Structures are given as C-alpha cells and as structure tokens.
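Novice: Below is model.pdb; it holds PDB, C-alpha atoms, pLDDT in the B column.
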MODEL        1
ATOM      1  CA  LYS A  29     126.327  26.954-103.241  1.00 49.00           C
ATOM      2  CA  LYS A  30     128.142  30.285-103.431  1.00 67.00           C
ATOM      3  CA  ASP A  31     130.403  30.905-106.385  1.00 90.00           C
ATOM      4  CA  VAL A  32     134.021  32.049-105.993  1.00 92.00           C
ATOM      5  CA  TRP A  33     133.231  35.763-106.256  1.00 91.00           C
ATOM      6  CA  GLN A  34     130.423  35.626-103.703  1.00 90.00           C
ATOM      7  CA  THR A  35     132.586  33.696-101.255  1.00 91.00           C
ATOM      8  CA  LEU A  36     135.741  35.828-101.469  1.00 92.00           C
ATOM      9  CA  SER A  37     134.146  39.263-101.852  1.00 88.00           C
ATOM     10  CA  ALA A  38     132.254  38.663 -98.594  1.00 87.00           C
ATOM     11  CA  ILE A  39     135.511  38.398 -96.598  1.00 87.00           C
ATOM     12  CA  ASP A  40     136.298  41.525 -94.557  1.00 84.00           C
ATOM     13  CA  VAL A  41     139.896  42.584 -95.295  1.00 84.00           C
ATOM     14  CA  SER A  42     139.794  45.935 -93.474  1.00 76.00           C
ATOM     15  CA  ASN A  43     141.933  44.793 -90.532  1.00 79.00           C
ATOM     16  CA  HIS A  44     144.666  43.451 -92.787  1.00 81.00           C
ATOM     17  CA  THR A  45     145.469  46.468 -94.964  1.00 77.00           C
ATOM     18  CA  GLN A  46     148.105  49.168 -94.705  1.00 75.00           C
ATOM     19  CA  GLY A  47     148.211  52.613 -96.266  1.00 69.00           C
ATOM     20  CA  LYS A  48     151.344  53.909 -97.954  1.00 66.00           C
ATOM     21  CA  ASN A  49     151.829  56.927-100.232  1.00 59.00           C
ATOM     22  CA  GLY A  50     148.105  57.259-100.772  1.00 58.00           C
ATOM     23  CA  LEU A  51     147.684  53.590-101.723  1.00 66.00           C
ATOM     24  CA  THR A  52     146.233  50.698 -99.741  1.00 72.00           C
ATOM     25  CA  TYR A  53     148.001  47.361 -99.569  1.00 78.00           C
ATOM     26  CA  LEU A  54     146.609  44.023 -98.419  1.00 85.00           C
ATOM     27  CA  SER A  55     148.827  41.522 -96.584  1.00 89.00           C
ATOM     28  CA  TRP A  56     149.640  38.848 -99.163  1.00 92.00           C
ATOM     29  CA  ALA A  57     150.281  36.199 -96.497  1.00 93.00           C
ATOM     30  CA  TRP A  58     146.903  36.758 -94.871  1.00 93.00           C
ATOM     31  CA  ALA A  59     145.117  36.938 -98.240  1.00 94.00           C
ATOM     32  CA  TRP A  60     146.643  33.661 -99.423  1.00 96.00           C
ATOM     33  CA  ALA A  61     145.794  31.957 -96.126  1.00 95.00           C
ATOM     34  CA  GLU A  62     142.160  33.065 -96.444  1.00 94.00           C
ATOM     35  CA  LEU A  63     142.019  31.838-100.027  1.00 96.00           C
ATOM     36  CA  LYS A  64     143.380  28.398 -99.081  1.00 96.00           C
ATOM     37  CA  LYS A  65     140.851  28.095 -96.261  1.00 95.00           C
ATOM     38  CA  ALA A  66     138.037  28.534 -98.764  1.00 94.00           C
ATOM     39  CA  TYR A  67     139.692  26.771-101.719  1.00 96.00           C
ATOM     40  CA  PRO A  68     142.471  24.364-100.616  1.00 96.00           C
ATOM     41  CA  GLN A  69     143.240  23.352-104.207  1.00 96.00           C
ATOM     42  CA  ALA A  70     143.963  26.941-105.330  1.00 96.00           C
ATOM     43  CA  VAL A  71     147.397  27.520-106.894  1.00 97.00           C
ATOM     44  CA  TYR A  72     149.320  30.451-108.319  1.00 97.00           C
ATOM     45  CA  GLU A  73     152.056  30.772-110.911  1.00 97.00           C
ATOM     46  CA  VAL A  74     154.704  33.483-111.161  1.00 97.00           C
ATOM     47  CA  HIS A  75     155.589  33.962-114.815  1.00 97.00           C
ATOM     48  CA  LYS A  76     159.314  33.973-115.646  1.00 96.00           C
ATOM     49  CA  ASN A  77     161.352  35.283-118.547  1.00 95.00           C
ATOM     50  CA  GLU A  78     163.743  33.253-120.705  1.00 94.00           C
ATOM     51  CA  GLN A  79     166.459  33.607-118.078  1.00 94.00           C
ATOM     52  CA  GLY A  80     164.175  32.205-115.393  1.00 95.00           C
ATOM     53  CA  MET A  81     163.721  35.562-113.658  1.00 96.00           C
ATOM     54  CA  PRO A  82     160.257  36.545-112.310  1.00 97.00           C
ATOM     55  CA  TYR A  83     159.929  39.745-114.339  1.00 96.00           C
ATOM     56  CA  PHE A  84     159.912  41.101-117.880  1.00 96.00           C
ATOM     57  CA  LYS A  85     161.746  44.290-118.778  1.00 94.00           C
ATOM     58  CA  ASP A  86     162.252  46.809-121.548  1.00 92.00           C
ATOM     59  CA  ASP A  87     163.380  50.437-121.698  1.00 90.00           C
ATOM     60  CA  SER A  88     160.241  51.611-119.896  1.00 90.00           C
ATOM     61  CA  GLY A  89     160.782  49.443-116.812  1.00 93.00           C
ATOM     62  CA  ALA A  90     159.986  45.981-115.442  1.00 95.00           C
ATOM     63  CA  VAL A  91     156.678  44.149-114.987  1.00 96.00           C
ATOM     64  CA  CYS A  92     155.735  41.068-112.965  1.00 97.00           C
ATOM     65  CA  TYR A  93     152.937  38.656-113.925  1.00 97.00           C
ATOM     66  CA  VAL A  94     151.017  36.214-111.748  1.00 97.00           C
ATOM     67  CA  THR A  95     148.245  33.753-112.579  1.00 97.00           C
ATOM     68  CA  VAL A  96     145.930  32.345-109.907  1.00 97.00           C
ATOM     69  CA  THR A  97     143.791  29.279-110.553  1.00 97.00           C
ATOM     70  CA  ILE A  98     140.832  28.239-108.410  1.00 95.00           C
ATOM     71  CA  ASP A  99     139.344  24.968-109.619  1.00 91.00           C
ATOM     72  CA  ASP A 100     138.864  25.550-113.365  1.00 91.00           C
ATOM     73  CA  LEU A 101     138.905  29.365-113.169  1.00 93.00           C
ATOM     74  CA  SER A 102     142.123  31.317-113.850  1.00 96.00           C
ATOM     75  CA  HIS A 103     142.939  35.019-113.812  1.00 96.00           C
ATOM     76  CA  GLU A 104     146.207  36.712-114.783  1.00 96.00           C
ATOM     77  CA  MET A 105     147.416  39.992-113.318  1.00 95.00           C
ATOM     78  CA  TRP A 106     150.450  42.218-113.890  1.00 94.00           C
ATOM     79  CA  LEU A 107     152.143  44.966-111.911  1.00 93.00           C
ATOM     80  CA  PRO A 108     155.109  47.234-112.708  1.00 95.00           C
ATOM     81  CA  VAL A 109     158.068  47.372-110.337  1.00 95.00           C
ATOM     82  CA  MET A 110     157.729  50.738-108.564  1.00 92.00           C
ATOM     83  CA  ASP A 111     159.591  52.701-105.892  1.00 90.00           C
ATOM     84  CA  ASN A 112     158.129  54.356-102.781  1.00 84.00           C
ATOM     85  CA  ALA A 113     156.990  57.321-104.877  1.00 82.00           C
ATOM     86  CA  ASN A 114     155.147  54.932-107.219  1.00 83.00           C
ATOM     87  CA  LYS A 115     157.544  55.660-110.085  1.00 89.00           C
ATOM     88  CA  ALA A 116     158.372  52.850-112.508  1.00 93.00           C
ATOM     89  CA  MET A 117     161.834  51.512-111.673  1.00 94.00           C
ATOM     90  CA  LYS A 118     164.247  50.637-114.482  1.00 95.00           C
ATOM     91  CA  SER A 119     167.480  48.636-114.746  1.00 94.00           C
ATOM     92  CA  ALA A 120     169.408  51.893-114.252  1.00 95.00           C
ATOM     93  CA  GLU A 121     168.549  54.896-112.110  1.00 94.00           C
ATOM     94  CA  TYR A 122     167.089  57.977-113.786  1.00 94.00           C
ATOM     95  CA  GLN A 123     166.035  61.508-112.910  1.00 92.00           C
ATOM     96  CA  TYR A 124     162.600  63.061-113.266  1.00 90.00           C
ATOM     97  CA  LYS A 125     161.161  66.482-112.518  1.00 87.00           C
ATOM     98  CA  THR A 126     158.565  67.253-109.840  1.00 82.00           C
ATOM     99  CA  ARG A 127     157.076  70.384-108.327  1.00 79.00           C
ATOM    100  CA  ASN A 128     159.740  70.114-105.637  1.00 78.00           C
ATOM    101  CA  GLY A 129     162.654  69.800-108.014  1.00 84.00           C
ATOM    102  CA  GLU A 130     164.474  66.955-109.709  1.00 88.00           C
ATOM    103  CA  LYS A 131     164.221  63.505-108.135  1.00 89.00           C
ATOM    104  CA  THR A 132     166.015  60.208-108.667  1.00 93.00           C
ATOM    105  CA  CYS A 133     164.353  56.868-109.214  1.00 93.00           C
ATOM    106  CA  HIS A 134     166.872  54.173-108.300  1.00 94.00           C
ATOM    107  CA  ALA A 135     167.407  50.980-110.255  1.00 96.00           C
ATOM    108  CA  TYR A 136     165.332  48.023-109.128  1.00 96.00           C
ATOM    109  CA  THR A 137     166.820  45.129-107.194  1.00 96.00           C
ATOM    110  CA  MET A 138     165.535  41.602-106.645  1.00 96.00           C
ATOM    111  CA  PHE A 139     164.100  42.847-103.351  1.00 95.00           C
ATOM    112  CA  ASP A 140     161.912  45.276-105.309  1.00 95.00           C
ATOM    113  CA  VAL A 141     160.932  42.517-107.740  1.00 96.00           C
ATOM    114  CA  ASN A 142     159.996  40.184-104.898  1.00 96.00           C
ATOM    115  CA  LYS A 143     157.738  42.820-103.305  1.00 93.00           C
ATOM    116  CA  THR A 144     156.089  43.429-106.657  1.00 95.00           C
ATOM    117  CA  VAL A 145     155.418  39.733-107.230  1.00 97.00           C
ATOM    118  CA  MET A 146     153.612  39.399-103.902  1.00 95.00           C
ATOM    119  CA  ARG A 147     151.648  42.620-104.421  1.00 92.00           C
ATOM    120  CA  CYS A 148     150.732  41.327-107.851  1.00 94.00           C
ATOM    121  CA  LEU A 149     149.470  38.134-106.231  1.00 96.00           C
ATOM    122  CA  THR A 150     147.118  40.050-103.914  1.00 93.00           C
ATOM    123  CA  LYS A 151     145.952  42.162-106.857  1.00 91.00           C
ATOM    124  CA  CYS A 152     145.222  38.986-108.802  1.00 95.00           C
ATOM    125  CA  LEU A 153     143.183  37.652-105.868  1.00 95.00           C
ATOM    126  CA  ALA A 154     141.066  40.791-106.131  1.00 92.00           C
ATOM    127  CA  MET A 155     139.968  39.560-109.575  1.00 93.00           C
ATOM    128  CA  PHE A 156     138.285  36.689-107.721  1.00 94.00           C
ATOM    129  CA  GLY A 157     136.686  39.072-105.209  1.00 91.00           C
ATOM    130  CA  LEU A 158     139.118  39.090-102.263  1.00 92.00           C
ATOM    131  CA  GLY A 159     139.671  42.762-101.365  1.00 86.00           C
ATOM    132  CA  HIS A 160     138.520  43.876-104.807  1.00 83.00           C
ATOM    133  CA  TYR A 161     137.414  47.331-103.616  1.00 75.00           C
ATOM    134  CA  ILE A 162     141.009  48.231-102.679  1.00 75.00           C
ATOM    135  CA  TYR A 163     141.921  48.573-106.340  1.00 68.00           C
ATOM    136  CA  ALA A 164     140.421  50.419-109.303  1.00 50.00           C
ATOM    137  CA  GLY A 165     136.697  50.900-108.950  1.00 46.00           C
ATOM    138  CA  GLU A 166     136.636  51.656-105.226  1.00 45.00           C
ATOM    139  CA  ASP A 167     133.284  52.834-103.910  1.00 42.00           C
ATOM    140  CA  LEU A 168     132.767  56.343-105.237  1.00 34.00           C
ATOM    141  CA  PRO A 169     130.973  57.563-102.100  1.00 33.00           C
ATOM    142  CA  GLU A 170     134.137  56.733-100.131  1.00 41.00           C
ATOM    143  CA  VAL A 171     136.266  58.656-102.631  1.00 39.00           C
ATOM    144  CA  VAL A 172     134.007  61.687-102.324  1.00 38.00           C
ATOM    145  CA  LYS A 173     134.044  61.342 -98.551  1.00 41.00           C
ATOM    146  CA  GLU A 174     137.848  61.161 -98.524  1.00 47.00           C
ATOM    147  CA  ALA A 175     138.196  64.256-100.708  1.00 47.00           C
ATOM    148  CA  SER A 176     135.860  66.182 -98.440  1.00 46.00           C
ATOM    149  CA  PHE A 177     137.753  64.945 -95.389  1.00 43.00           C
ATOM    150  CA  GLN A 178     141.100  66.079 -96.753  1.00 49.00           C
ATOM    151  CA  LYS A 179     139.770  69.575 -97.490  1.00 52.00           C
ATOM    152  CA  SER A 180     138.762  69.936 -93.848  1.00 56.00           C
ATOM    153  CA  ILE A 181     142.228  69.046 -92.497  1.00 73.00           C
ATOM    154  CA  LYS A 182     144.274  71.883 -91.026  1.00 82.00           C
ATOM    155  CA  ARG A 183     147.650  72.072 -92.777  1.00 86.00           C
ATOM    156  CA  VAL A 184     151.027  73.421 -91.686  1.00 88.00           C
ATOM    157  CA  THR A 185     151.454  77.209 -91.857  1.00 90.00           C
ATOM    158  CA  ASN A 186     153.821  78.893 -94.330  1.00 89.00           C
ATOM    159  CA  ALA A 187     156.271  79.551 -91.490  1.00 89.00           C
ATOM    160  CA  GLN A 188     156.203  75.887 -90.471  1.00 92.00           C
ATOM    161  CA  LYS A 189     156.649  74.834 -94.100  1.00 90.00           C
ATOM    162  CA  LEU A 190     159.792  76.968 -94.385  1.00 92.00           C
ATOM    163  CA  ILE A 191     161.221  75.336 -91.259  1.00 92.00           C
ATOM    164  CA  ILE A 192     160.630  71.848 -92.637  1.00 92.00           C
ATOM    165  CA  ASP A 193     161.956  72.926 -96.068  1.00 91.00           C
ATOM    166  CA  GLU A 194     165.209  74.087 -94.513  1.00 91.00           C
ATOM    167  CA  LEU A 195     165.625  70.988 -92.360  1.00 92.00           C
ATOM    168  CA  VAL A 196     164.958  68.679 -95.322  1.00 91.00           C
ATOM    169  CA  GLU A 197     167.641  70.495 -97.310  1.00 90.00           C
ATOM    170  CA  ASP A 198     170.135  70.600 -94.420  1.00 89.00           C
ATOM    171  CA  THR A 199     169.786  66.888 -93.732  1.00 90.00           C
ATOM    172  CA  GLY A 200     169.720  65.790 -97.370  1.00 90.00           C
ATOM    173  CA  THR A 201     166.469  63.948 -96.695  1.00 90.00           C
ATOM    174  CA  ASP A 202     164.704  62.157 -99.549  1.00 90.00           C
ATOM    175  CA  LEU A 203     161.523  64.227 -99.707  1.00 89.00           C
ATOM    176  CA  ALA A 204     159.414  61.536-101.373  1.00 87.00           C
ATOM    177  CA  LYS A 205     160.224  58.990 -98.649  1.00 89.00           C
ATOM    178  CA  PHE A 206     159.775  61.625 -95.932  1.00 89.00           C
ATOM    179  CA  LEU A 207     156.328  62.614 -97.184  1.00 88.00           C
ATOM    180  CA  GLY A 208     155.455  58.972 -97.792  1.00 86.00           C
ATOM    181  CA  PHE A 209     156.169  58.199 -94.141  1.00 86.00           C
ATOM    182  CA  PHE A 210     153.704  60.838 -92.939  1.00 85.00           C
ATOM    183  CA  ALA A 211     151.202  59.918 -95.655  1.00 81.00           C
ATOM    184  CA  GLY A 212     151.173  56.384 -94.266  1.00 77.00           C
ATOM    185  CA  LYS A 213     150.423  57.713 -90.795  1.00 73.00           C
ATOM    186  CA  ALA A 214     147.769  60.149 -92.030  1.00 70.00           C
ATOM    187  CA  GLY A 215     146.084  57.617 -94.307  1.00 67.00           C
ATOM    188  CA  PHE A 216     145.998  59.838 -97.387  1.00 68.00           C
ATOM    189  CA  GLU A 217     148.383  61.069-100.081  1.00 75.00           C
ATOM    190  CA  ILE A 218     150.819  63.880 -99.242  1.00 83.00           C
ATOM    191  CA  THR A 219     152.908  65.102-102.183  1.00 85.00           C
ATOM    192  CA  THR A 220     154.257  68.443-100.886  1.00 89.00           C
ATOM    193  CA  ILE A 221     155.345  69.823 -97.528  1.00 91.00           C
ATOM    194  CA  SER A 222     152.455  72.293 -97.675  1.00 88.00           C
ATOM    195  CA  GLU A 223     150.055  69.342 -97.505  1.00 86.00           C
ATOM    196  CA  LEU A 224     151.404  68.072 -94.171  1.00 89.00           C
ATOM    197  CA  PRO A 225     148.707  68.101 -91.473  1.00 87.00           C
ATOM    198  CA  ALA A 226     149.300  70.696 -88.765  1.00 87.00           C
ATOM    199  CA  ASP A 227     149.618  67.986 -86.099  1.00 87.00           C
ATOM    200  CA  ALA A 228     152.459  66.392 -88.090  1.00 89.00           C
ATOM    201  CA  PHE A 229     154.657  69.490 -87.832  1.00 91.00           C
ATOM    202  CA  GLN A 230     156.216  68.762 -84.447  1.00 91.00           C
ATOM    203  CA  PRO A 231     156.931  65.058 -85.165  1.00 89.00           C
ATOM    204  CA  ALA A 232     158.354  65.971 -88.587  1.00 91.00           C
ATOM    205  CA  LYS A 233     160.508  68.745 -87.132  1.00 92.00           C
ATOM    206  CA  GLN A 234     161.771  66.489 -84.340  1.00 91.00           C
ATOM    207  CA  LEU A 235     162.583  63.691 -86.767  1.00 90.00           C
ATOM    208  CA  LEU A 236     164.659  65.989 -88.965  1.00 91.00           C
ATOM    209  CA  GLU A 237     166.373  67.713 -86.040  1.00 90.00           C
ATOM    210  CA  ASN A 238     167.397  64.316 -84.643  1.00 89.00           C
ATOM    211  CA  LYS A 239     168.815  63.398 -88.030  1.00 86.00           C
ATOM    212  CA  LEU A 240     170.728  66.694 -88.123  1.00 83.00           C
ATOM    213  CA  GLN A 241     172.212  66.063 -84.674  1.00 83.00           C
ATOM    214  CA  GLU A 242     173.247  62.540 -85.609  1.00 81.00           C
ATOM    215  CA  ALA A 243     175.113  63.881 -88.628  1.00 75.00           C
ATOM    216  CA  ALA A 244     176.922  66.527 -86.571  1.00 63.00           C
TER     217      ALA A 244
ENDMDL
END
Mind turning the file's structure into structure tokens?
Specialist:
Amino acid sequence: KKDVWQTLSAIDVSNHTQGKNGLTYLSWAWAWAELKKAYPQAVYEVHKNEQGMPYFKDDSGAVCYVTVTIDDLSHEMWLPVMDNANKAMKSAEYQYKTRNGEKTCHAYTMFDVNKTVMRCLTKCLAMFGLGHYIYAGEDLPEVVKEASFQKSIKRVTNAQKLIIDELVEDTGTDLAKFLGFFAGKAGFEITTISELPADAFQPAKQLLENKLQEAA
C-alpha cells in the first residue's frame, strides 16, 4: 500500500497551475478535490486569532496559518498576506523604494486574507506531496533551463522602452501590476520595462494607448 507522500506526489498538477509575477499557483479547489478522492477523511483547519479572524498580525504584516490532517498525520503551514508585487501587506498602506521609483503597498482587506488562506491550504498540501515541486526545492535542472531560456529571449529596444515609459507615466498606470500582467502571459518574472519581451511591445503599447483614450 502506498503511503500518503507516494500517492499525492504522483498526481500530475501541471494542467491546474497558473503563473503570476514569476510564481506558480495551484488551483486550491482542484487540489482539495484530488485530496478528498484519495483520502475522503482528510480535513483542514484555518487558525484564528482571539477575535476569531483567520490571520495574525503585527507591525511587520499579517500571516495566515492552516493545518491539514490526513488520517493520523498533520502538517501546519503559514503564508504572509501579500500584494500582486509579492510585498507583505500591512494594516495600513506604506511606501517602499524600487529601481523604478517609490511604490505603494496598500493595506490588506479580507479579500486579500481569503486568497492567502486558500493559497496557504495548497501550500500545506504540498507538505503531503501534492504539487510539492511548485514550492521551494523545485527541480534545479528546470531552474537552470529557465534561466537559460530567459537569456535567449529578445527584449524590447531602448526606443520601445521609452515609449512604454511615457505611456505608463501619462496614464498613471501601476507599473507593478502592469508588468505582472505580462509576466503572467510570458510565464516568467518581469520586474522592469526593459525586461519585456519584444513581442509584448505592441500589446503593451495598445493597452496603454486605449487607457489613455478612455481617460481623454
């Protein structure tokens, strides 16, 4: 009889993941359904603070905790509440510096907490083997392959970068969200306009020009 790790780590999750801002996320609904198929008695617990809220906070931010139990085996996992730029969200917004200037990390809402709880659940399932390679300890050959792949990608030219720079400024676009959108499409992290793939220039330009026209 296979143990829990052997059973869950053998499940192919590749068709149920999504890339965003250089990270890979697994559908929590699909992951939980697969777990219950294999282990119908499995349960999970969302830990709550003294006020009954599903997170714990201090001056550094907020963290969610989840415990999953399969038969007599339990694992606990935690995950900070983060924004689309993967910055720790706090109870009040704050500014931080980047290579592209000062940015704002907005205060978290219960919507952000809810997303974190469910992402924490899928991360906890990885401790049992389900989609474990998505998180820390991914196959090194794939990491090397990805780095080599990114080096071979043709990027936007300096002239194209200046056009996008100007449009981003003119439209007041949140650069982190803008780059995150194209990172999700490209399947790898994009942190500056210079890193945009050449074939993303026209779609990016069109998107910003449409936004500019709508504001006119």
Novice: Name the residues captured by the PyMOL selection byres ((chain A and resi 119-124) around 9) when it is applied to the shown file; answer as a ChimeraX atom specification.
Specialist: /A:85-87,89-90,117-118,125-126,129-137
Novice: Select, counting all atoms listed in the file, all protein, DNA and RNA residues no farther than 10 Å from (153.7, 65.8, -102.4) in file coordinates, and express the selection as a PyMOL selection string.
Specialist: chain A and resi 49+113+126-128+203-204+206-208+211+217-224
Novice: Give as a list in words each residue that has an atom at most 12 Å from (169.3, 61.4, -96.1) in the file, counting all atoms listed in the file.
Specialist: Leu195, Val196, Glu197, Asp198, Thr199, Gly200, Thr201, Asp202, Leu203, Ala204, Lys205, Phe206, Leu235, Leu236, Asn238, Lys239, Leu240, Glu242 and Ala243 of chain A
Novice: Which is closest to A:Ala116 among A:Trp60, A:Thr150, A:Asp193, A:Thr144, if we use all atoms listed in the file?
Specialist: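 Going through A:Trp60, A:Thr150, A:Asp193, A:Thr144 one by one, the smallest distance to A:Ala116 is for A:Thr144.
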Novice: Could you spell out the hits of the PyMOL selection byres ((chain A and resi 64-68) around 12) on the shown file, as JSON, numbers by chain?
Specialist: {"A": [30, 31, 32, 33, 34, 35, 36, 37, 38, 39, 57, 58, 59, 60, 61, 62, 63, 69, 70, 71, 72, 96, 97, 98, 99, 100, 101, 153, 156, 158]}
Novice: Export, as a PDB file, keeping the file's coordinate frame, the selected residues with C-alpha atoms.
Specialist:
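Okay, out.pdb is ready:
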ATOM      1  CA  LYS A  30     128.142  30.285-103.431  1.00 67.00           C
ATOM      2  CA  ASP A  31     130.403  30.905-106.385  1.00 90.00           C
ATOM      3  CA  VAL A  32     134.021  32.049-105.993  1.00 92.00           C
ATOM      4  CA  TRP A  33     133.231  35.763-106.256  1.00 91.00           C
ATOM      5  CA  GLN A  34     130.423  35.626-103.703  1.00 90.00           C
ATOM      6  CA  THR A  35     132.586  33.696-101.255  1.00 91.00           C
ATOM      7  CA  LEU A  36     135.741  35.828-101.469  1.00 92.00           C
ATOM      8  CA  SER A  37     134.146  39.263-101.852  1.00 88.00           C
ATOM      9  CA  ALA A  38     132.254  38.663 -98.594  1.00 87.00           C
ATOM     10  CA  ILE A  39     135.511  38.398 -96.598  1.00 87.00           C
ATOM     11  CA  ALA A  57     150.281  36.199 -96.497  1.00 93.00           C
ATOM     12  CA  TRP A  58     146.903  36.758 -94.871  1.00 93.00           C
ATOM     13  CA  ALA A  59     145.117  36.938 -98.240  1.00 94.00           C
ATOM     14  CA  TRP A  60     146.643  33.661 -99.423  1.00 96.00           C
ATOM     15  CA  ALA A  61     145.794  31.957 -96.126  1.00 95.00           C
ATOM     16  CA  GLU A  62     142.160  33.065 -96.444  1.00 94.00           C
ATOM     17  CA  LEU A  63     142.019  31.838-100.027  1.00 96.00           C
ATOM     18  CA  GLN A  69     143.240  23.352-104.207  1.00 96.00           C
ATOM     19  CA  ALA A  70     143.963  26.941-105.330  1.00 96.00           C
ATOM     20  CA  VAL A  71     147.397  27.520-106.894  1.00 97.00           C
ATOM     21  CA  TYR A  72     149.320  30.451-108.319  1.00 97.00           C
ATOM     22  CA  VAL A  96     145.930  32.345-109.907  1.00 97.00           C
ATOM     23  CA  THR A  97     143.791  29.279-110.553  1.00 97.00           C
ATOM     24  CA  ILE A  98     140.832  28.239-108.410  1.00 95.00           C
ATOM     25  CA  ASP A  99     139.344  24.968-109.619  1.00 91.00           C
ATOM     26  CA  ASP A 100     138.864  25.550-113.365  1.00 91.00           C
ATOM     27  CA  LEU A 101     138.905  29.365-113.169  1.00 93.00           C
ATOM     28  CA  LEU A 153     143.183  37.652-105.868  1.00 95.00           C
ATOM     29  CA  PHE A 156     138.285  36.689-107.721  1.00 94.00           C
ATOM     30  CA  LEU A 158     139.118  39.090-102.263  1.00 92.00           C
TER      31      LEU A 158
END
Novice: Go ahead and compute the interatomic distance for atom CA of A:Lys189 and atom CA of A:Gly212, in Å to one decimal.
Specialist: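 Computing the Euclidean distance for atom CA of A:Lys189 and atom CA of A:Gly212 yields 19.2 Å.
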Novice: Please indicate the distance in Å from atom CA of A:Gln46 to atom CA of A:Gly159, rounded to one decimal place.
Specialist: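 Result for atom CA of A:Gln46 versus atom CA of A:Gly159: 12.5 Å, one decimal.
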Novice: Hey, can you check how far atom CA of A:Lys213 sits from atom CA of A:Ser42?
Specialist: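 If I compute the distance from atom CA of A:Lys213 to atom CA of A:Ser42, I get 16.1 Å.
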Novice: So, with only C-alpha atoms as the atoms that count, which of A:Asn114, A:Asp227, A:Pro82, A:Ile162 lies closest to A:Met138?
Specialist: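 Looking at the shortest contact to A:Met138, the residue is A:Pro82.
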Novice: Excluding A:Ala228 and any residue of its chain fewer than 2 positions from it, enumerate the residues within 9 Å of it, using all atoms listed in the file, and give them as a tab-separated table (two decimals) with C-alpha atoms, keeping the file's coordinate frame.
Specialist:
chain	number	residue	atom	x	y	z
A	183	ARG	CA	147.65	72.07	-92.78
A	184	VAL	CA	151.03	73.42	-91.69
A	210	PHE	CA	153.70	60.84	-92.94
A	214	ALA	CA	147.77	60.15	-92.03
A	224	LEU	CA	151.40	68.07	-94.17
A	225	PRO	CA	148.71	68.10	-91.47
A	226	ALA	CA	149.30	70.70	-88.76
A	230	GLN	CA	156.22	68.76	-84.45
A	231	PRO	CA	156.93	65.06	-85.16
A	232	ALA	CA	158.35	65.97	-88.59
A	233	LYS	CA	160.51	68.74	-87.13
